[in-house]
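Asker: Encoded as C-alpha cells, here's the structure I'll be asking about.
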Amino acid sequence: MSEQQVNPPPDESRQARKGSALRLALKLLAVGLLVAVLGTGGVVGLFAYYGRELPSFEKLEDYHPPETTRVYDRDGAQVAEFAHERRTVVPKERIPTLLKQAVISAEDASFYQHKGLDYVGIARAALKDLTQLRMAQGASTITQQVVKNMVLSPERSMARKVKEAILARRLEQNLSKEDILHLYLNHIYFGHSRYGIEEAAQHFFGKPVDRLGLGEIALLAGLPQSPERLSPIKHPDRAKARQAYVLKQMVENGFITKAQADQEASRPVPLALRSFEAVGPYYAEEVRRQLVERYGEAMVYEGGMRIDLGMDRALQAIADQQLEVGIEELDHKIGFKALETSVDLQALDAVRAKLLEKMKAAGSRDPSHPTAAIWDFSKATGTKAGSDQLLSALDVRELRKGAHAVVPVSTVSEDAATFDLGTRRGVVGFEQLKWARPYSPGKWTQPPKRASDVLAAGQLVRIRVLEVPAAPASVPAGTSGQAGKAVDDPPVPVALASVPQVQGALVVVDPQTRHVVAMAGGYDFSASPFNRATQAHRQPGSCFKPILYGAALASGRFTPASIVNDAPDLFRDPWTGKEWRPKNFEDNEFEGPMILRRALARSKNTVAVRLIDAIGAQAVIDLARKAGINSQLTESLTLALGTGEVSPLELANAYATFAALGKRAEPLLIVRVTDRSGKVLEEHHAVPEETIPPAVAYVLTSMLRSVIEYDDGTGHAASQLKRPIAGKTGTASDGRDAWFAAYTPDLVAAVWTGFDDHSSMGQSMTGGRAALPIWMGFMREALEKRPRIDFPMPPGVEVVAIDPKTGLRAPDGAPGRQEFFVEGTVPKDFAPKPGEADKNLLFLEDGGGKRP
C-alpha cells in the first residue's frame, strides 16, 4: 500500500505563514535600522570629516574680500586702479530694499524661509545628477552661492557639495539674512571684470548703488545668473528679456505692482556707461612697483587702498600725448623703417566677406565689431598673407581720430597712396611722405621723389588717423560698397607712422611742492614698460653745465661777468692722468675771451673745462648733491661736459632746486596711502632744505634765461612761449642722448631722447633739435591758462650795469647791460671808455678766467 501525504489543518498553515512574514519583517526592520544608523553615522562622519578646517563665519566683520586699489591725482580724479577683481564693498545701509527684493525674486524666492539649503531643489538636482551620471545640476540658494563664490573652488564634485552644505548651514546659524545678502551683493560677479553691486552700478549706470532706479535694479539683479551671456553691452536683447523676467517675479512676490513692471519693461536698456580713462601708464607702473615693495602684491591688488598722487591728470594727459607725437616726429627725422609684411589684396576681399557675415550673425550692436571700424593687422606676419592668416590676425577697432593701426596699401601713384581701412578708405598725399627717406640713424639718405618711392600696393604699413569725416548717408559706415570693397567717399586722411625705434622720457615737477605732476617714460607702455624717466641713467651732456656753473658761482671766484677764454687747449686730467683737448660741440669754432653768461648760452665746452679745472671736480659733485642728484659721479675733467649718468627724474628735480631758490626736496609721486578703513598708512609733504644760497640759485637762473633769450642761445626756440624761462640743452657725444631741461617759476620739465641700446641718433640730433620740440609741445599747452609770472629776486642779489665785452662795470655815460651778481661779487673796476685799451684782457688768469 502506498504511503499517503498528510496535510496540516488550514488554521495551522495560516499561523505558520504569519510567523514567517513577521520574522522577515523584523529582519528587514532590523536591517533598515542598521542601515539608517550606519547611514546617519556615515553622514555625520562625512560632515565631520569635510567640515574640519572650514571657516566659522562667526561675524560679518570676518568678511574682507579682495577690493580694488584706486589711484587718484592731486585733485581727486581717478587715474589708475590695481585689482585682480574690481570690487568696491558698500555697507548694508546703502543697499536699497528694492534691490534686495529684486535679487531674491531673481535668484532665491524662498530665501527668507529656508535655512541655507533648498532640500526640494537638492533632491531634484541629485536625481538629475544620477540620471546623467555626472555632477551636472546645481541647486544653489543665495546662501550657497555666497559660500561657493567666497570660499570654495568652482569644481563639481561630491566633496565640494558636502562642504557647500556645511558652510551654508553654518552661515545661516551665525549670520542674519541681511548679513548674508550683504555678502552676496558685494561679492557676486556681474561681468566685464566687475564684482559687487557698487562696482556694477558705477560701471553700467555711472552712479552709486543707492541712486539706482527700478529698471536699473531689475537689470543688475538678473545678471549674476550668466553675466557674459546676459551682458547689456554685448547682448542688450537678452539683458532686456532677463530684466522683464525679474520684474515679473517681483510682481508675483508682491514687491512691485504690474503697472510698475510694465512701465519699466517698455523702456530701453538704461545704460550710461562710466569708465574712467587711465592716464600716465608709466607713472602708474612706477607707483605700483613702489607699493608692492612696501606692502606686498596681495595688499596692492586686493587691499582696497586709496593712493593719492602728486600727478596732475590734465598735465599728465598732455605729457603722454606730446611725448608720443614728439617721438614720432623725431623718428621721421631719422627716416622711415618699413614693415616686412604684406598681404594678398584679393585675400583681403575674402576676409571682408567673411567678416561681414560674422558681423551680421553677431548683430549690429556687438561692440567687438563697431559700425565705424578700422581693421588692424598688427599681428600679421610674413609676405602675401592669405585670407585665413589675415582673419586670424585681424583686430577690429574703433575708427577715431588719433587711432593707430597697421593697414594694407591699396593703390599708389606718384602723388598719393590709398589704404584699405576695412570699412573706409584712407589717403595720404606725397607732401606728407617727403620725410620718409630710408631709415638710417646717423647717416643721410636720399629723400623720396614720389609716393611710389615709399610705398607699394599690398604692403602693410602703420598709419595714424588724422580725421574721421562723416560717412555718406547713402552708404552707412561699417558696410561694404560694390564688389565687397571698402567705402570710397569721403576718404579718411591718415599719416604714415612707422613704429619708432627711438625712445624718450618726459618728467614734470612742481618746484614748490615737489609733486611729480607728470611723467611719461617711453613711447608705448604696452610694447615696452621700461620706465626711462626713473630706470634709465644716461649722460646729460651740457644739461649738466648748470651744476658746474652753480658751483663756480658758489665758489665766489666767478660771476656771470667773469671773462674766460674760449680757445683750444691741451689739458692733463689730474684725476685720470690722461691728456685731452676739448672741442666745442656743433661747429668746433672758438670765440676767444667771453663772459660766462654768453659761454653758458652758447654751451662752450672749452669754457666749461676751464671752470672745473679751476674750482675742482669735488666742488661740482658737492653742488650736484645739494641740488638733488644722487647718482654716482666720477671726478674728472669730462664731468664738466655731463659724462656722469643721471635719470630724467633726477635732472628735473635738480632744476627744481634752482627754481625753488636753492631749496632741495625729494620728488614726490605718492603723497598719501590710505587703507580700506580710511586709516592713513603714509603721507608725504615736501620738506625743503636750503642747500644752495638763494642768491646763487637766482643768479644761475638768470644765466639760464640767456640760453633761451639770446638769439644764438642753444635753447632760443623756447622763447616763442613769451615767458620767463630758464633752461639748458644737452647732447651726449656721438648724438647718443639729447636733452632739454627748463623751467618757469612754477613748472619744471626735463626731456630725454635716444635709443635704448645707446646707438647714435646722428650728429645733427642735438638737444635743441631732438628734445626741445617735445618740451615745447608740452609747455605750450601746460602754460596756456597759467598767468605769466617772473622769477622772484631774493635778498643778496645786486644788479649793476656792465660792459659785456670786458665784464667790468660800465663807465658813466656809456651804454651797458644789466647784470646780476651775488652780493659782494660785483666788479670794482670800470671798463675803459670808448677808445681806451683794456690791459686786463691781455693777461687771463692761468689762461682760464679772471674775477672782475
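Each chain of the C-alpha cells is named A, B, ... in the order shown, its residues numbered from 1; ligands are numbered from 1 in display order.
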Please report, as a ChimeraX atom specification, each residue of range 678-773 of chain A to which DSSP assigns helix (DSSP H, G or I) when run on this structure's backbone.
Answerer: /A:694-709,716-721,733-735,767-773
Asker: Write down as a list in words the residues belonging to range 93-302 of chain A that are assigned strand (DSSP E) by DSSP computed on the backbone.
Answerer: Tyr189, Phe190, Gly191, Arg194 and Tyr195 of chain A
Asker: What does the structure give for the distance between CA of Thr97 in chain A and CA of Leu167 in chain A, in Å to one decimal?
Answerer: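 These atoms are spaced 25.8 Å apart.
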Asker: Rounded to one decimal place, report the CA of Ser226 in chain A-CA of Lys177 in chain A distance in Å.
Answerer: 23.8 Å
Asker: Find the spatial neighbours of Arg437 in chain A, counting only C-alpha atoms, within a cut-off of 7 Å - ignore same-chain residues fewer than 4 positions away - and output them as a PyMOL selection string.
Answerer: chain A and resi 335-336+445-448
Asker: Considering only C-alpha atoms, give me a table of residues in range 307-347 of chain A that are at most 10 Å from range 489-501 of chain A, with the closest atom pair and distance in Å for each, as CSV.
Answerer:
```
residue,atom,partner,partner_atom,distance
A:Glu324,CA,A:Pro500,CA,9.6
A:Ile327,CA,A:Pro500,CA,7.1
A:Glu328,CA,A:Pro500,CA,6.2
A:Glu329,CA,A:Ala497,CA,9.2
A:Leu330,CA,A:Pro500,CA,8.6
A:Asp331,CA,A:Pro500,CA,5.7
A:His332,CA,A:Ser498,CA,8.4
A:Ile334,CA,A:Pro500,CA,9.6
A:Gly335,CA,A:Ser498,CA,9.2
A:Phe336,CA,A:Ser498,CA,6.5
A:Lys337,CA,A:Ser498,CA,6.3
A:Ala338,CA,A:Ser498,CA,6.9
A:Leu339,CA,A:Ser498,CA,8.0
```
Asker: Please save C-alpha atoms of the selected residues as a short mmCIF file (atom, residue, chain, number, x, y, z; two decimals), in the first residue's frame.
Answerer:
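What landed in out.cif:
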```cif
data_model
loop_
_atom_site.label_atom_id
_atom_site.label_comp_id
_atom_site.auth_asym_id
_atom_site.auth_seq_id
_atom_site.Cartn_x
_atom_site.Cartn_y
_atom_site.Cartn_z
CA GLU A 324 54.19 110.20 -28.29
CA ILE A 327 58.97 110.77 -30.65
CA GLU A 328 57.14 110.08 -33.90
CA GLU A 329 58.35 113.40 -35.33
CA LEU A 330 61.87 112.67 -34.15
CA ASP A 331 61.67 109.25 -35.77
CA HIS A 332 60.66 110.96 -39.01
CA ILE A 334 65.82 109.63 -38.74
CA GLY A 335 63.87 108.05 -41.63
CA PHE A 336 61.11 105.56 -42.46
CA LYS A 337 61.53 101.92 -41.49
CA ALA A 338 59.05 99.79 -43.41
CA LEU A 339 57.42 96.68 -42.00
#
```
Asker: From the list A:Leu704, A:Ala561, A:Leu271, A:Ala417, which residue is nearest Ile547 in chain A when using only C-alpha atoms?
Answerer: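 Counting only C-alpha atoms, the residue closest to Ile547 in chain A is A:Leu704.
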Asker: I'd like the contact shell of Asp420 in chain A - 6 Å cut-off, only C-alpha atoms, skipping same-chain residues fewer than 3 positions apart - returned as a compact mmCIF listing (two decimals) with N, CA and C atoms, in the first residue's frame.
Answerer:
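Final output, result_5.txt:
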```txt
# COMPACT_ATOMS: atom_id res chain seq x y z
N PRO A 408 46.73 97.67 -44.99
CA PRO A 408 47.36 97.43 -46.30
C PRO A 408 47.24 98.64 -47.22
N SER A 410 46.44 100.11 -50.67
CA SER A 410 45.57 99.68 -51.78
C SER A 410 46.14 100.09 -53.13
N ARG A 425 38.15 104.11 -46.68
CA ARG A 425 39.38 104.22 -47.46
C ARG A 425 40.22 105.35 -46.88
```
Asker: To one decimal in Å, tell me the separation between CA of Glu798 in chain A and CA of Phe820 in chain A.
Answerer: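 Computing the Euclidean distance for CA of Glu798 in chain A and CA of Phe820 in chain A yields 5.8 Å.
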Asker: At a cut-off of 9 Å, using only C-alpha atoms, what residues contact Glu81 in chain A? Leave out same-chain residues fewer than 5 positions from it and give the result as a list in words.
Answerer: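 Neighbouring residues, sequence-local ones excluded: Thr68, Thr69, Arg70, Val71, Tyr72, Arg86, Ala278, Ala284 and Tyr301 of chain A.
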Asker: Produce a file of the selected residues containing N, CA and C atoms, as a compact mmCIF listing (two decimals), in the first residue's frame.
Answerer:
```txt
# COMPACT_ATOMS: atom_id res chain seq x y z
N THR A 68 39.33 96.67 -5.00
CA THR A 68 40.16 97.43 -5.93
C THR A 68 40.93 98.53 -5.20
N THR A 69 42.21 98.62 -5.49
CA THR A 69 43.00 99.76 -5.04
C THR A 69 42.92 100.84 -6.12
N ARG A 70 42.48 102.01 -5.72
CA ARG A 70 42.27 103.09 -6.68
C ARG A 70 43.32 104.19 -6.49
N VAL A 71 43.71 104.76 -7.61
CA VAL A 71 44.77 105.75 -7.63
C VAL A 71 44.19 107.07 -8.15
N TYR A 72 44.46 108.16 -7.42
CA TYR A 72 43.88 109.47 -7.74
C TYR A 72 44.97 110.51 -7.91
N ARG A 86 37.79 93.68 -9.72
CA ARG A 86 37.34 95.07 -9.49
C ARG A 86 36.13 95.04 -8.57
N ALA A 278 42.20 105.88 -18.03
CA ALA A 278 43.51 105.81 -17.38
C ALA A 278 44.50 106.70 -18.13
N ALA A 284 51.83 105.28 -13.33
CA ALA A 284 51.09 104.31 -12.54
C ALA A 284 51.93 103.07 -12.24
N TYR A 301 46.79 94.62 -4.75
CA TYR A 301 45.76 94.18 -5.68
C TYR A 301 44.44 93.79 -5.01
```
Asker: Measuring atom to atom with only C-alpha atoms, identify which of A:Ala640, A:Ala533, A:Ala471, A:Val300 is nearest to Thr674 in chain A.
Answerer: A:Val300
Asker: With the cut-off set at 12 Å and counting only C-alpha atoms, tabulate each residue of range 674-792 of chain A with an atom at most that distance from an atom of range 628-639 of chain A, showing the nearest atom pair and its distance in Å to one decimal, ordered by chain and increasing number, as a Markdown table.
Answerer:
```
| residue | atom | partner | partner_atom | distance |
| --- | --- | --- | --- | --- |
| A:Pro688 | CA | A:Gly628 | CA | 11.3 |
| A:Glu689 | CA | A:Gly628 | CA | 10.7 |
| A:Glu690 | CA | A:Gly628 | CA | 11.5 |
| A:Thr691 | CA | A:Gly628 | CA | 9.5 |
| A:Ile692 | CA | A:Gly628 | CA | 10.8 |
| A:Ala732 | CA | A:Thr638 | CA | 11.4 |
| A:Ser733 | CA | A:Thr638 | CA | 11.3 |
```
Asker: Quick one: residues within 9 Å of Pro667 in chain A, only C-alpha atoms, excluding same-chain residues fewer than 3 positions away - as a list in words?
Answerer: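 With the cut-off at 9 Å, the set is Val509, Asp510, Thr513, Arg514, His515, Val516, Leu649, Glu650, Asn653 and Ala686 of chain A.
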Asker: Excluding range 103-113 of chain A and any residue of its chain fewer than 3 positions from it, enumerate the residues within 7 Å of it, using only C-alpha atoms, and give them as a ChimeraX atom specification.
Answerer: /A:99-100,141-142,221-222,246,249-250
